[in-house]
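> What follows is query-v8.tsv; its format and atoms are TSV, C-alpha atoms and all ligand atoms.
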```tsv
chain	number	residue	atom	x	y	z
A	19	MET	CA	13.49	2.18	-12.23
A	20	VAL	CA	13.53	-0.01	-15.31
A	21	SER	CA	12.56	1.84	-18.46
A	22	ALA	CA	11.38	-1.32	-20.22
A	23	LEU	CA	8.41	-1.17	-17.92
A	24	ALA	CA	7.14	2.07	-19.40
A	25	VAL	CA	4.32	0.25	-21.19
A	26	MET	CA	2.98	-1.08	-17.95
A	27	ALA	CA	0.19	1.36	-17.32
A	28	PRO	CA	-2.62	-0.48	-15.56
A	29	ALA	CA	-5.49	-1.17	-17.95
A	30	ALA	CA	-8.31	1.23	-17.17
A	31	SER	CA	-10.99	-1.44	-17.42
A	32	MET	CA	-9.22	-3.77	-15.01
A	33	SER	CA	-11.90	-5.22	-12.79
A	34	SER	CA	-11.09	-6.28	-9.27
A	35	LEU	CA	-13.41	-9.23	-9.73
A	36	GLU	CA	-11.49	-10.78	-12.58
A	37	ARG	CA	-8.76	-13.02	-11.24
A	38	ILE	CA	-6.29	-15.16	-13.09
A	39	TYR	CA	-5.53	-18.24	-11.02
A	40	VAL	CA	-3.32	-21.04	-12.18
A	41	SER	CA	-4.05	-24.79	-12.16
A	42	SER	CA	-1.93	-27.86	-12.91
A	43	GLU	CA	-3.57	-28.09	-16.36
A	44	ASP	CA	-2.01	-24.80	-17.32
A	45	PHE	CA	1.36	-26.53	-17.23
A	46	SER	CA	0.36	-29.43	-19.49
A	47	SER	CA	1.87	-27.84	-22.58
A	48	GLU	CA	3.56	-24.72	-23.90
A	49	ASP	CA	0.27	-23.91	-25.65
A	50	SER	CA	-1.76	-24.02	-22.46
A	51	LEU	CA	0.78	-21.77	-20.74
A	52	ARG	CA	0.62	-19.45	-23.72
A	53	GLY	CA	-3.18	-19.42	-23.39
A	54	LEU	CA	-2.86	-18.51	-19.71
A	55	TYR	CA	-0.48	-15.67	-20.61
A	56	GLU	CA	-2.86	-14.36	-23.28
A	57	ARG	CA	-5.74	-14.28	-20.81
A	58	TRP	CA	-3.57	-12.54	-18.24
A	59	TYR	CA	-2.16	-10.14	-20.84
A	60	ALA	CA	-5.63	-9.11	-22.06
A	61	LEU	CA	-6.51	-8.14	-18.51
A	62	TYR	CA	-3.31	-6.44	-17.36
A	63	ARG	CA	-1.31	-5.16	-20.31
A	64	ARG	CA	-3.19	-5.29	-23.61
A	65	ASP	CA	-1.29	-2.79	-25.75
A	66	GLY	CA	2.29	-3.65	-24.99
A	67	ASP	CA	5.10	-3.93	-27.50
A	68	PRO	CA	5.04	-7.45	-29.10
A	69	GLU	CA	8.78	-8.00	-28.65
A	70	GLU	CA	8.58	-7.00	-25.00
A	71	LYS	CA	5.57	-9.26	-24.60
A	72	GLU	CA	7.48	-12.25	-25.96
A	73	LYS	CA	10.43	-11.55	-23.69
A	74	ARG	CA	8.18	-11.31	-20.67
A	75	PHE	CA	6.45	-14.60	-21.43
A	76	SER	CA	9.49	-16.40	-20.05
A	77	ILE	CA	9.29	-14.43	-16.79
A	78	PHE	CA	5.56	-15.10	-16.65
A	79	LYS	CA	6.08	-18.87	-16.90
A	80	VAL	CA	8.34	-18.83	-13.86
A	81	GLU	CA	5.91	-16.65	-11.90
A	82	ALA	CA	3.01	-18.95	-12.82
A	83	HIS	CA	4.94	-21.85	-11.29
A	84	THR	CA	5.66	-19.79	-8.19
A	85	VAL	CA	2.00	-18.86	-7.73
A	86	TYR	CA	0.91	-22.45	-8.29
A	87	GLU	CA	3.35	-23.73	-5.70
A	88	LEU	CA	2.39	-21.08	-3.15
A	89	ASN	CA	-1.27	-22.11	-3.47
A	90	GLU	CA	-0.40	-25.80	-3.24
A	91	ALA	CA	1.60	-25.18	-0.08
A	92	GLY	CA	-1.39	-23.86	1.89
A	93	ALA	CA	-5.05	-23.14	1.33
A	94	ARG	CA	-5.49	-20.44	3.95
A	95	VAL	CA	-3.70	-17.72	2.00
A	96	LYS	CA	-4.44	-17.31	-1.70
A	97	HIS	CA	-2.28	-16.04	-4.52
A	98	HIS	CA	-3.09	-15.16	-8.09
A	99	LEU	CA	-1.37	-13.92	-11.23
A	100	ASN	CA	-1.70	-10.24	-10.57
A	101	TRP	CA	-0.13	-7.15	-12.15
A	102	PHE	CA	3.36	-8.29	-11.11
A	103	ALA	CA	3.21	-11.62	-12.96
A	104	ASP	CA	5.57	-10.70	-15.80
A	105	MET	CA	8.02	-8.61	-13.79
A	106	THR	CA	11.37	-9.83	-12.65
A	107	GLN	CA	11.91	-10.00	-8.90
A	108	GLY	CA	14.37	-7.12	-9.25
A	109	GLU	CA	11.85	-4.87	-10.97
A	110	TYR	CA	9.29	-5.61	-8.29
A	111	ASP	CA	11.79	-5.15	-5.46
A	112	ASP	CA	12.98	-1.76	-6.68
A	113	SER	CA	9.67	-0.05	-7.42
A	114	PHE	CA	7.27	-1.71	-5.04
A	115	ALA	CA	9.02	-3.26	-2.06
A	116	SER	CA	11.58	-0.48	-1.53
A	117	CYS	CA	9.94	2.87	-2.05
A	118	SER	CA	10.26	4.15	1.52
A	119	HIS	CA	13.47	5.73	2.77
A	120	ARG	CA	12.19	6.03	6.30
A	121	LYS	CA	14.76	5.89	9.05
A	122	THR	CA	14.17	6.24	12.73
A	123	PRO	CA	13.31	9.92	13.18
A	124	HIS	CA	15.72	12.38	14.69
A	125	ARG	CA	15.55	12.44	18.49
A	126	ASP	CA	14.33	16.05	18.65
A	127	GLU	CA	11.60	15.36	16.18
A	128	MET	CA	10.57	12.33	18.21
A	129	LYS	CA	10.34	14.44	21.34
A	130	LEU	CA	8.18	17.01	19.61
A	131	ASN	CA	5.94	14.63	17.82
A	132	ARG	CA	5.60	11.55	19.97
A	133	GLN	CA	2.05	10.81	20.95
A	134	GLN	CA	1.74	9.94	24.61
A	135	PRO	CA	0.03	6.67	25.40
A	136	SER	CA	-3.51	7.06	26.57
A	137	GLN	CA	-4.38	5.91	30.08
A	138	TYR	CA	-7.67	4.46	28.98
A	139	TYR	CA	-7.14	2.14	26.09
A	140	ALA	CA	-6.71	-1.26	27.62
A	141	ASP	CA	-10.31	-2.19	28.25
A	142	LYS	CA	-12.03	0.27	25.97
A	143	LEU	CA	-10.77	-0.80	22.58
A	144	PRO	CA	-13.40	-1.68	20.01
A	145	VAL	CA	-13.26	-5.37	19.08
A	146	THR	CA	-13.25	-4.59	15.37
A	147	VAL	CA	-12.31	-1.47	13.42
A	148	ASP	CA	-12.66	-1.20	9.66
A	149	TRP	CA	-12.63	2.21	7.99
A	150	ARG	CA	-13.75	0.57	4.73
A	151	THR	CA	-17.20	0.28	6.26
A	152	VAL	CA	-17.45	4.00	7.05
A	153	GLU	CA	-18.99	5.73	4.05
A	154	GLY	CA	-16.66	8.43	2.74
A	155	ALA	CA	-13.69	7.75	5.01
A	156	LEU	CA	-11.60	6.16	2.25
A	157	THR	CA	-11.31	6.90	-1.46
A	158	ARG	CA	-10.81	4.20	-4.08
A	159	VAL	CA	-7.58	2.24	-3.78
A	160	LYS	CA	-4.83	3.84	-5.87
A	161	HIS	CA	-2.33	2.24	-8.20
A	162	GLN	CA	1.15	3.68	-8.03
A	163	GLY	CA	1.98	2.23	-11.47
A	164	GLU	CA	5.62	2.03	-12.46
A	165	CYS	CA	6.66	4.64	-9.87
A	166	GLY	CA	8.01	4.24	-6.34
A	167	SER	CA	5.40	6.60	-4.91
A	168	CYS	CA	3.99	4.43	-2.11
A	169	TRP	CA	5.06	7.11	0.40
A	170	ALA	CA	3.06	9.81	-1.45
A	171	ILE	CA	-0.03	7.64	-1.77
A	172	ALA	CA	0.15	6.45	1.85
A	173	ALA	CA	0.40	10.12	2.90
A	174	THR	CA	-2.48	11.33	0.70
A	175	ASP	CA	-4.62	8.35	1.71
A	176	ALA	CA	-4.08	9.22	5.38
A	177	MET	CA	-4.78	12.93	4.83
A	178	GLU	CA	-7.91	12.20	2.79
A	179	SER	CA	-9.25	10.22	5.73
A	180	VAL	CA	-8.49	12.77	8.44
A	181	HIS	CA	-9.80	15.54	6.18
A	182	PHE	CA	-13.05	13.65	5.81
A	183	LEU	CA	-13.29	12.82	9.50
A	184	GLU	CA	-12.70	16.40	10.58
A	185	ASN	CA	-14.38	18.40	7.79
A	186	LYS	CA	-16.77	15.86	6.25
A	187	LYS	CA	-15.26	16.65	2.86
A	188	ARG	CA	-14.43	13.86	0.43
A	189	THR	CA	-11.45	14.78	-1.68
A	190	ASN	CA	-8.89	12.92	-3.74
A	191	LEU	CA	-5.58	14.54	-2.85
A	192	SER	CA	-2.71	14.87	-5.30
A	193	ALA	CA	0.01	12.26	-4.84
A	194	GLN	CA	1.48	13.67	-8.07
A	195	GLU	CA	2.09	17.06	-6.45
A	196	LEU	CA	4.20	15.28	-3.83
A	197	VAL	CA	6.05	13.28	-6.50
A	198	ASP	CA	6.83	16.44	-8.52
A	199	CYS	CA	7.18	19.19	-5.90
A	200	ASN	CA	8.17	17.63	-2.57
A	201	PHE	CA	11.92	18.01	-3.00
A	202	HIS	CA	12.72	16.46	0.37
A	203	ASN	CA	11.48	13.25	-1.14
A	204	ASP	CA	12.71	11.56	-4.26
A	205	GLY	CA	9.70	11.36	-6.57
A	206	CYS	CA	9.30	7.94	-8.16
A	207	LYS	CA	12.57	6.83	-6.58
A	208	GLY	CA	11.02	6.78	-3.12
A	209	GLY	CA	10.48	8.95	-0.08
A	210	THR	CA	8.66	9.06	3.23
A	211	ALA	CA	5.15	10.01	4.28
A	212	VAL	CA	6.70	12.04	7.14
A	213	ASN	CA	8.46	14.36	4.68
A	214	ALA	CA	5.23	14.58	2.71
A	215	PHE	CA	3.39	15.70	5.87
A	216	ILE	CA	6.00	18.39	6.48
A	217	TYR	CA	5.49	19.61	2.89
A	218	VAL	CA	1.72	19.78	3.38
A	219	ILE	CA	2.11	21.64	6.68
A	220	ASN	CA	4.10	24.28	4.77
A	221	TYR	CA	2.34	24.44	1.41
A	222	GLY	CA	-0.97	22.62	1.64
A	223	ILE	CA	-1.94	20.19	-1.09
A	224	GLN	CA	-3.98	20.24	-4.30
A	225	SER	CA	-6.76	17.84	-5.22
A	226	SER	CA	-5.94	15.13	-7.73
A	227	GLU	CA	-8.54	16.64	-10.05
A	228	GLN	CA	-6.37	19.78	-10.24
A	229	PHE	CA	-3.07	17.91	-10.22
A	230	PRO	CA	-3.72	14.42	-11.63
A	231	TYR	CA	-1.57	11.36	-11.17
A	232	VAL	CA	0.63	10.42	-14.12
A	233	GLY	CA	2.91	7.94	-12.38
A	234	ARG	CA	6.26	9.46	-13.34
A	235	ARG	CA	8.13	12.50	-12.12
A	236	THR	CA	7.46	15.64	-14.14
A	237	ASP	CA	8.29	19.33	-13.57
A	238	CYS	CA	6.60	20.89	-10.58
A	239	VAL	CA	3.91	23.05	-12.18
A	240	MET	CA	1.34	24.24	-9.68
A	241	PRO	CA	-2.22	24.78	-10.92
A	242	PRO	CA	-3.41	28.40	-10.46
A	243	VAL	CA	-5.78	27.59	-7.60
A	244	LYS	CA	-5.45	27.44	-3.86
A	245	PRO	CA	-4.62	24.08	-2.27
A	246	VAL	CA	-7.70	22.25	-1.02
A	247	MET	CA	-6.35	21.49	2.42
A	248	ALA	CA	-3.38	21.53	4.77
A	249	ILE	CA	-2.50	19.88	8.06
A	250	ARG	CA	-1.07	21.43	11.21
A	251	ASN	CA	0.92	18.50	12.49
A	252	TYR	CA	1.66	14.80	12.45
A	253	TYR	CA	2.48	12.35	15.22
A	254	HIS	CA	4.69	9.33	15.61
A	255	LEU	CA	3.38	6.51	17.76
A	256	HIS	CA	5.56	4.63	20.17
A	257	PRO	CA	6.94	1.71	18.21
A	258	ARG	CA	6.04	-1.86	19.17
A	259	ASN	CA	2.93	-0.97	21.11
A	260	GLU	CA	-0.01	-2.93	19.75
A	261	LYS	CA	-2.66	-1.50	22.09
A	262	MET	CA	-1.67	2.04	21.30
A	263	LEU	CA	-1.68	1.34	17.58
A	264	MET	CA	-5.13	-0.25	17.86
A	265	GLU	CA	-6.42	2.69	19.83
A	266	THR	CA	-5.06	5.12	17.25
A	267	VAL	CA	-6.38	3.16	14.27
A	268	ALA	CA	-9.79	3.18	15.96
A	269	LYS	CA	-9.69	6.99	15.65
A	270	ARG	CA	-8.23	7.33	12.15
A	271	PRO	CA	-6.10	5.38	9.64
A	272	VAL	CA	-2.34	5.34	10.34
A	273	VAL	CA	0.65	5.20	7.95
A	274	VAL	CA	2.93	2.24	8.66
A	275	LEU	CA	6.20	0.91	7.38
A	276	VAL	CA	6.00	-2.48	5.70
A	277	VAL	CA	9.39	-4.12	5.96
A	278	GLY	CA	10.40	-6.86	3.52
A	279	ALA	CA	7.47	-6.87	1.09
A	280	ASN	CA	9.91	-8.42	-1.39
A	281	THR	CA	8.73	-12.00	-0.88
A	282	THR	CA	6.79	-13.87	-3.57
A	283	THR	CA	3.89	-14.56	-1.19
A	284	PHE	CA	3.49	-10.84	-0.43
A	285	LYS	CA	3.78	-9.96	-4.11
A	286	HIS	CA	1.11	-12.39	-5.31
A	287	TYR	CA	-1.13	-12.27	-2.21
A	288	SER	CA	-4.80	-12.29	-3.15
A	289	GLY	CA	-6.69	-13.16	0.02
A	290	GLY	CA	-6.80	-14.70	3.47
A	291	ILE	CA	-4.84	-13.80	6.59
A	292	PHE	CA	-1.27	-13.18	5.49
A	293	ARG	CA	1.31	-14.73	7.82
A	294	GLY	CA	4.52	-13.97	5.98
A	295	PRO	CA	7.25	-14.58	5.45
A	296	CYS	CA	8.45	-11.03	4.95
A	297	GLY	CA	11.98	-10.19	3.92
A	298	ILE	CA	14.35	-7.78	5.61
A	299	ASP	CA	15.66	-4.23	5.07
A	300	ARG	CA	13.48	-3.16	2.17
A	301	LYS	CA	10.82	-0.66	3.21
A	302	HIS	CA	7.41	0.05	1.77
A	303	GLU	CA	4.72	2.36	3.24
A	304	ALA	CA	1.00	1.74	3.38
A	305	LEU	CA	-2.06	2.63	5.45
A	306	LEU	CA	-3.46	0.69	8.37
A	307	VAL	CA	-7.26	1.02	8.23
A	308	GLY	CA	-8.51	-1.51	10.74
A	309	TYR	CA	-8.07	-4.61	12.85
A	310	GLY	CA	-10.15	-7.53	14.03
A	311	THR	CA	-10.27	-11.25	14.74
A	312	THR	CA	-11.73	-13.88	12.42
A	313	PRO	CA	-14.83	-15.62	13.87
A	314	SER	CA	-14.25	-18.79	15.85
A	315	ASP	CA	-16.43	-20.68	13.34
A	316	ASP	CA	-14.60	-19.34	10.28
A	317	SER	CA	-14.18	-22.44	8.11
A	318	ASN	CA	-10.93	-21.26	6.54
A	319	ASP	CA	-9.03	-19.60	9.37
A	320	PRO	CA	-10.81	-19.34	12.75
A	321	GLY	CA	-9.86	-17.06	15.64
A	322	VAL	CA	-6.95	-15.22	14.04
A	323	LYS	CA	-6.11	-11.66	15.04
A	324	TYR	CA	-5.35	-9.43	12.06
A	325	TRP	CA	-4.69	-5.91	10.83
A	326	VAL	CA	-6.25	-4.44	7.67
A	327	LEU	CA	-3.68	-2.81	5.42
A	328	ARG	CA	-4.57	-0.59	2.48
A	329	ASN	CA	-1.99	-0.82	-0.28
A	330	SER	CA	-1.29	1.33	-3.36
A	331	TRP	CA	-1.06	-1.48	-5.93
A	332	GLY	CA	-4.57	-1.21	-7.38
A	333	GLU	CA	-7.71	-3.17	-6.61
A	334	SER	CA	-6.52	-6.33	-8.32
A	335	TRP	CA	-3.87	-6.95	-5.64
A	336	GLY	CA	-4.98	-8.67	-2.44
A	337	GLU	CA	-8.54	-8.34	-1.19
A	338	ASN	CA	-9.66	-5.53	-3.51
A	339	GLY	CA	-6.42	-3.68	-2.83
A	340	TYR	CA	-6.23	-4.54	0.89
A	341	MET	CA	-4.38	-7.17	2.91
A	342	ARG	CA	-5.37	-8.74	6.20
A	343	LEU	CA	-2.21	-9.66	7.99
A	344	GLU	CA	-1.68	-11.45	11.24
A	345	ARG	CA	-1.61	-9.20	14.30
A	346	GLY	CA	0.69	-9.88	17.25
A	347	ASN	CA	4.45	-10.22	17.76
A	348	GLU	CA	4.61	-6.81	19.38
A	349	ALA	CA	8.12	-7.38	20.74
A	350	ASP	CA	9.43	-8.03	17.22
A	351	GLY	CA	7.67	-5.01	15.71
A	352	GLY	CA	4.81	-7.06	14.28
A	353	LEU	CA	4.59	-8.99	11.04
A	354	CYS	CA	6.54	-7.16	8.30
A	355	GLY	CA	7.56	-4.59	10.93
A	356	ILE	CA	4.27	-2.75	10.79
A	357	MET	CA	4.47	-1.71	14.45
A	358	GLU	CA	7.95	-0.22	13.98
A	359	GLU	CA	7.17	3.38	12.99
A	360	PRO	CA	3.48	4.26	12.78
A	361	VAL	CA	2.73	7.91	12.03
A	362	TYR	CA	-0.42	9.89	11.30
A	363	PRO	CA	-1.34	13.40	10.16
A	364	ALA	CA	-3.40	15.58	12.48
A	365	HIS	CA	-5.46	18.76	12.52
A	366	PRO	CA	-6.43	18.97	8.87
A	367	TYR	CA	-8.08	22.19	7.77
A	368	ALA	CA	-9.53	23.45	4.52
A	369	ARG	CA	-7.42	26.10	2.79
A	401	LIG	C1	-11.97	10.37	-6.46
A	401	LIG	O1	-11.49	9.65	-7.60
A	401	LIG	C2	-12.29	8.54	-7.96
A	401	LIG	C3	-11.57	7.75	-9.01
A	401	LIG	O2	-11.08	8.57	-10.02
A	401	LIG	C4	-13.66	9.04	-8.40
A	401	LIG	O3	-14.48	7.95	-8.75
A	401	LIG	C5	-14.29	9.82	-7.25
A	401	LIG	O4	-15.50	10.38	-7.67
A	401	LIG	C6	-13.37	10.91	-6.74
A	401	LIG	N1	-13.94	11.45	-5.52
A	401	LIG	C7	-14.09	12.75	-5.31
A	401	LIG	C8	-14.71	13.11	-4.01
A	401	LIG	O5	-13.74	13.58	-6.11
A	402	LIG	C1	14.61	-8.97	0.17
A	402	LIG	O1	15.59	-7.94	0.15
A	402	LIG	C2	16.62	-8.11	1.10
A	402	LIG	C3	17.48	-6.85	1.06
A	402	LIG	O2	17.95	-6.58	-0.20
A	402	LIG	C4	17.39	-9.38	0.78
A	402	LIG	O3	18.41	-9.57	1.76
A	402	LIG	C5	16.44	-10.56	0.78
A	402	LIG	O4	17.11	-11.72	0.36
A	402	LIG	C6	15.27	-10.31	-0.17
A	402	LIG	N1	14.32	-11.37	0.00
A	402	LIG	C7	13.75	-11.99	-1.03
A	402	LIG	C8	12.80	-13.06	-0.72
A	402	LIG	O5	14.01	-11.71	-2.19
```
Represent the structure from my file as structure tokens, please.

Amino acid sequence: MVSALAVMAPAASMSSLERIYVSSEDFSSEDSLRGLYERWYALYRRDGDPEEKEKRFSIFKVEAHTVYELNEAGARVKHHLNWFADMTQGEYDDSFASCSHRKTPHRDEMKLNRQQPSQYYADKLPVTVDWRTVEGALTRVKHQGECGSCWAIAATDAMESVHFLENKKRTNLSAQELVDCNFHNDGCKGGTAVNAFIYVINYGIQSSEQFPYVGRRTDCVMPPVKPVMAIRNYYHLHPRNEKMLMETVAKRPVVVLVVGANTTTFKHYSGGIFRGPCGIDRKHEALLVGYGTTPSDDSNDPGVKYWVLRNSWGESWGENGYMRLERGNEADGGLCGIMEEPVYPAHPYAR
């Protein structure tokens, strides 16, 4: 974690509708680039230290070029100057593209917790699934801030959904409790949703109203109330099985690994069907909340199969915080490895 980024709290008023795109005119002079930076800064940073701001202007100029070139290279996928636009690649890589430590689970755990493939899925799958359209199933997209807590947010997002589906209760669960108190994970330095599920099986979890998100690791101080919910179990899906993943996502959102989110196109993605490239090795975790196929008369990108991924980088990233990414490549684990290790929490109950 880079301490210079401490000022980078997302501005509270940040609207998902405001977008800072970059055009060739922005490069006509230093002044026009400065103007672009000021507009971006007013939206994303505002109250930063002036010296830091000046230093980051030089990073911003490089990123602006990158975004411009990505958009020039293809119209189907869009990029804009989002929250990451004045971060170095290293800062982005460490906190955002590498916050999962997930390894292939231990063989015994796999035996216990492997979901068996259903006999029925092949011809009964819904054509389209999108949990965003189901009132109450998802809370607002979170922003992990300057903290490698993707694993905690992916886990709470998944548990919020299954809690709602089973108990019809809408609750924001506390990712901060997991950051502070889940000692089998590593707070803002990363972790895994699987370890978070094991914690919640044992201890339950507080609401985020009781235990609010601050985006850095603090002492584990439990509020003097009972946890709002717990889960009884979690299940791994068979890796590299698209039908099974579709069938499972049709029933509830699923936590997935995102491998190699450290590419500039992933970082600055702001819309369209993402086709990569993704990098290697680095692991992020996020929530799969749907799938579908673009209409055959879609003017921009017809007939493309995609997944809907819910991220934890705020609503200004991607399509209001979500990414549609190309579905397929089962044998290779899917784009960005998202079919490699899907896992979901099960049997939520109110405490
Ligand atoms: C969850 O948090 C969001 C954002 O802070 C808030 O608007 C919403 O009302 C909360 N939902 C519940 C059920 O508490
Ligand atoms: C992503 O990270 C991996 C592992 O550190 C590295 O090998 C790769 O070059 C990085 N890719 C990009 C685009 O930075």
> Hey, which residues sit close to ligand LIG 401 (chain A)? Say within 12 Å, counting all atoms listed in the file, and write them as a PDB file with C-alpha atoms, in the frame of the given file.

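Saved file selection18.pdb follows:
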```
ATOM      1  CA  ALA A  30      -8.310   1.230 -17.170  1.00  0.00           C
ATOM      2  CA  GLU A 153     -18.990   5.730   4.050  1.00  0.00           C
ATOM      3  CA  GLY A 154     -16.660   8.430   2.740  1.00  0.00           C
ATOM      4  CA  ALA A 155     -13.690   7.750   5.010  1.00  0.00           C
ATOM      5  CA  LEU A 156     -11.600   6.160   2.250  1.00  0.00           C
ATOM      6  CA  THR A 157     -11.310   6.900  -1.460  1.00  0.00           C
ATOM      7  CA  ARG A 158     -10.810   4.200  -4.080  1.00  0.00           C
ATOM      8  CA  VAL A 159      -7.580   2.240  -3.780  1.00  0.00           C
ATOM      9  CA  LYS A 160      -4.830   3.840  -5.870  1.00  0.00           C
ATOM     10  CA  HIS A 161      -2.330   2.240  -8.200  1.00  0.00           C
ATOM     11  CA  THR A 174      -2.480  11.330   0.700  1.00  0.00           C
ATOM     12  CA  ASP A 175      -4.620   8.350   1.710  1.00  0.00           C
ATOM     13  CA  GLU A 178      -7.910  12.200   2.790  1.00  0.00           C
ATOM     14  CA  SER A 179      -9.250  10.220   5.730  1.00  0.00           C
ATOM     15  CA  HIS A 181      -9.800  15.540   6.180  1.00  0.00           C
ATOM     16  CA  PHE A 182     -13.050  13.650   5.810  1.00  0.00           C
ATOM     17  CA  LYS A 186     -16.770  15.860   6.250  1.00  0.00           C
ATOM     18  CA  LYS A 187     -15.260  16.650   2.860  1.00  0.00           C
ATOM     19  CA  ARG A 188     -14.430  13.860   0.430  1.00  0.00           C
ATOM     20  CA  THR A 189     -11.450  14.780  -1.680  1.00  0.00           C
ATOM     21  CA  ASN A 190      -8.890  12.920  -3.740  1.00  0.00           C
ATOM     22  CA  LEU A 191      -5.580  14.540  -2.850  1.00  0.00           C
ATOM     23  CA  SER A 192      -2.710  14.870  -5.300  1.00  0.00           C
ATOM     24  CA  GLN A 224      -3.980  20.240  -4.300  1.00  0.00           C
ATOM     25  CA  SER A 225      -6.760  17.840  -5.220  1.00  0.00           C
ATOM     26  CA  SER A 226      -5.940  15.130  -7.730  1.00  0.00           C
ATOM     27  CA  GLU A 227      -8.540  16.640 -10.050  1.00  0.00           C
ATOM     28  CA  GLN A 228      -6.370  19.780 -10.240  1.00  0.00           C
ATOM     29  CA  PRO A 230      -3.720  14.420 -11.630  1.00  0.00           C
ATOM     30  CA  TYR A 231      -1.570  11.360 -11.170  1.00  0.00           C
ATOM     31  CA  VAL A 246      -7.700  22.250  -1.020  1.00  0.00           C
ATOM     32  CA  GLY A 332      -4.570  -1.210  -7.380  1.00  0.00           C
ATOM     33  CA  GLU A 333      -7.710  -3.170  -6.610  1.00  0.00           C
TER      34      GLU A 333
END
```
> Range 76-127 of chain A near range 306-325 of chain A within 10 Å: what's each residue's closest atom pair and its distance in Å to one decimal, counting all atoms listed in the file, ordered by chain then ascending residue number, as JSON lines?

```
{"residue": "A:Ala93", "atom": "CA", "partner": "A:Asn318", "partner_atom": "CA", "distance": 8.1}
{"residue": "A:Arg94", "atom": "CA", "partner": "A:Asn318", "partner_atom": "CA", "distance": 6.1}
{"residue": "A:Val95", "atom": "CA", "partner": "A:Asn318", "partner_atom": "CA", "distance": 9.2}
```
> Between A:Glu337, A:Asp204, A:Glu348, A:Glu359, single out the one closest to His256 in chain A, counting only C-alpha atoms.
A:Glu359
> Could you list, as an MDAnalysis selection string, all protein and nucleic acid residues with an atom at most 6 Å from ligand LIG 402 (chain A), counting all atoms listed in the file?
chainID A and resid 278 280:281 297:300
> Quick one: residues within 7 Å of range 211-218 of chain A, all atoms listed in the file, excluding same-chain residues fewer than 3 positions away - as a list in words?
Trp169, Ala170, Ala172, Ala173, Leu196, Asn200, His202, Asn203, Tyr221, Gly222, Ile223, Ala248, Ile249, Tyr252 and Pro363 of chain A
> Next, the residues of the selection above should be written as a CSV table (one decimal), in the coordinates of the input with C-alpha atoms.

```csv
chain,number,residue,atom,x,y,z
A,169,TRP,CA,5.1,7.1,0.4
A,170,ALA,CA,3.1,9.8,-1.4
A,172,ALA,CA,0.2,6.4,1.8
A,173,ALA,CA,0.4,10.1,2.9
A,196,LEU,CA,4.2,15.3,-3.8
A,200,ASN,CA,8.2,17.6,-2.6
A,202,HIS,CA,12.7,16.5,0.4
A,203,ASN,CA,11.5,13.2,-1.1
A,221,TYR,CA,2.3,24.4,1.4
A,222,GLY,CA,-1.0,22.6,1.6
A,223,ILE,CA,-1.9,20.2,-1.1
A,248,ALA,CA,-3.4,21.5,4.8
A,249,ILE,CA,-2.5,19.9,8.1
A,252,TYR,CA,1.7,14.8,12.4
A,363,PRO,CA,-1.3,13.4,10.2
```
> Just give me the gap between CA of Ala268 in chain A and CA of Arg369 in chain A in Å, one decimal is fine.
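Rounded to one decimal, the two atoms are 26.5 Å apart.
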> Using all atoms listed in the file, which of the listed residues (A:Ala364, A:Leu305, A:Cys354, A:Cys117) sits closest to Arg150 in chain A?
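Using all atoms listed in the file, the shortest distance to Arg150 in chain A belongs to A:Leu305.
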> In Å, rounded to a single decimal, give me how far CA of Ser41 in chain A is from CA of Ser288 in chain A.
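So the answer is 15.4 Å.
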> So how many Å separate CA of Thr146 in chain A and CA of Ala176 in chain A, to one decimal?
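Between CA of Thr146 in chain A and CA of Ala176 in chain A the gap works out to 19.4 Å.
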> Within 10 Å of (11.5, -6.7, -6.0), all atoms listed in the file: residues as an MDAnalysis selection string?
chainID A and resid 102 105:116 278:282 285 300
> For Asn185 in chain A, which of A:Leu255, A:Met247, A:Leu343, A:Ala103 is the closest residue, counting only C-alpha atoms?
A:Met247
> Name the closest residue to Phe45 in chain A among the candidates A:Lys142, A:Asn259, A:Val147, A:Tyr86; distances are taken between atoms, counting all atoms listed in the file.
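Nearest to Phe45 in chain A: A:Tyr86.
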> For each of A:Ala349, A:Val145, A:Met177, A:Val276, take the minimum atom-to-atom distance to Leu327 in chain A, counting only C-alpha atoms, then give the residue where this is smallest.
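Answer, going by the shortest atom-to-atom distance: A:Val276.
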> I need range 142-146 of chain A written out with N, CA, C and O atoms, as a compact mmCIF listing (two decimals), in the first residue's frame; please produce it.

```txt
# COMPACT_ATOMS: atom_id res chain seq x y z
N LYS A 142 -32.41 -26.03 -19.87
CA LYS A 142 -33.36 -25.26 -19.06
C LYS A 142 -32.81 -23.92 -18.60
O LYS A 142 -33.43 -23.23 -17.82
N LEU A 143 -31.65 -23.56 -19.08
CA LEU A 143 -31.05 -22.31 -18.64
C LEU A 143 -31.83 -21.11 -19.16
O LEU A 143 -32.19 -21.08 -20.33
N PRO A 144 -32.07 -20.12 -18.30
CA PRO A 144 -32.66 -18.89 -18.82
C PRO A 144 -31.70 -18.25 -19.84
O PRO A 144 -30.49 -18.41 -19.74
N VAL A 145 -32.26 -17.57 -20.82
CA VAL A 145 -31.44 -16.94 -21.86
C VAL A 145 -30.64 -15.78 -21.27
O VAL A 145 -29.49 -15.56 -21.62
N THR A 146 -31.29 -15.04 -20.37
CA THR A 146 -30.65 -13.88 -19.76
C THR A 146 -30.88 -13.91 -18.25
O THR A 146 -31.97 -14.25 -17.81
```
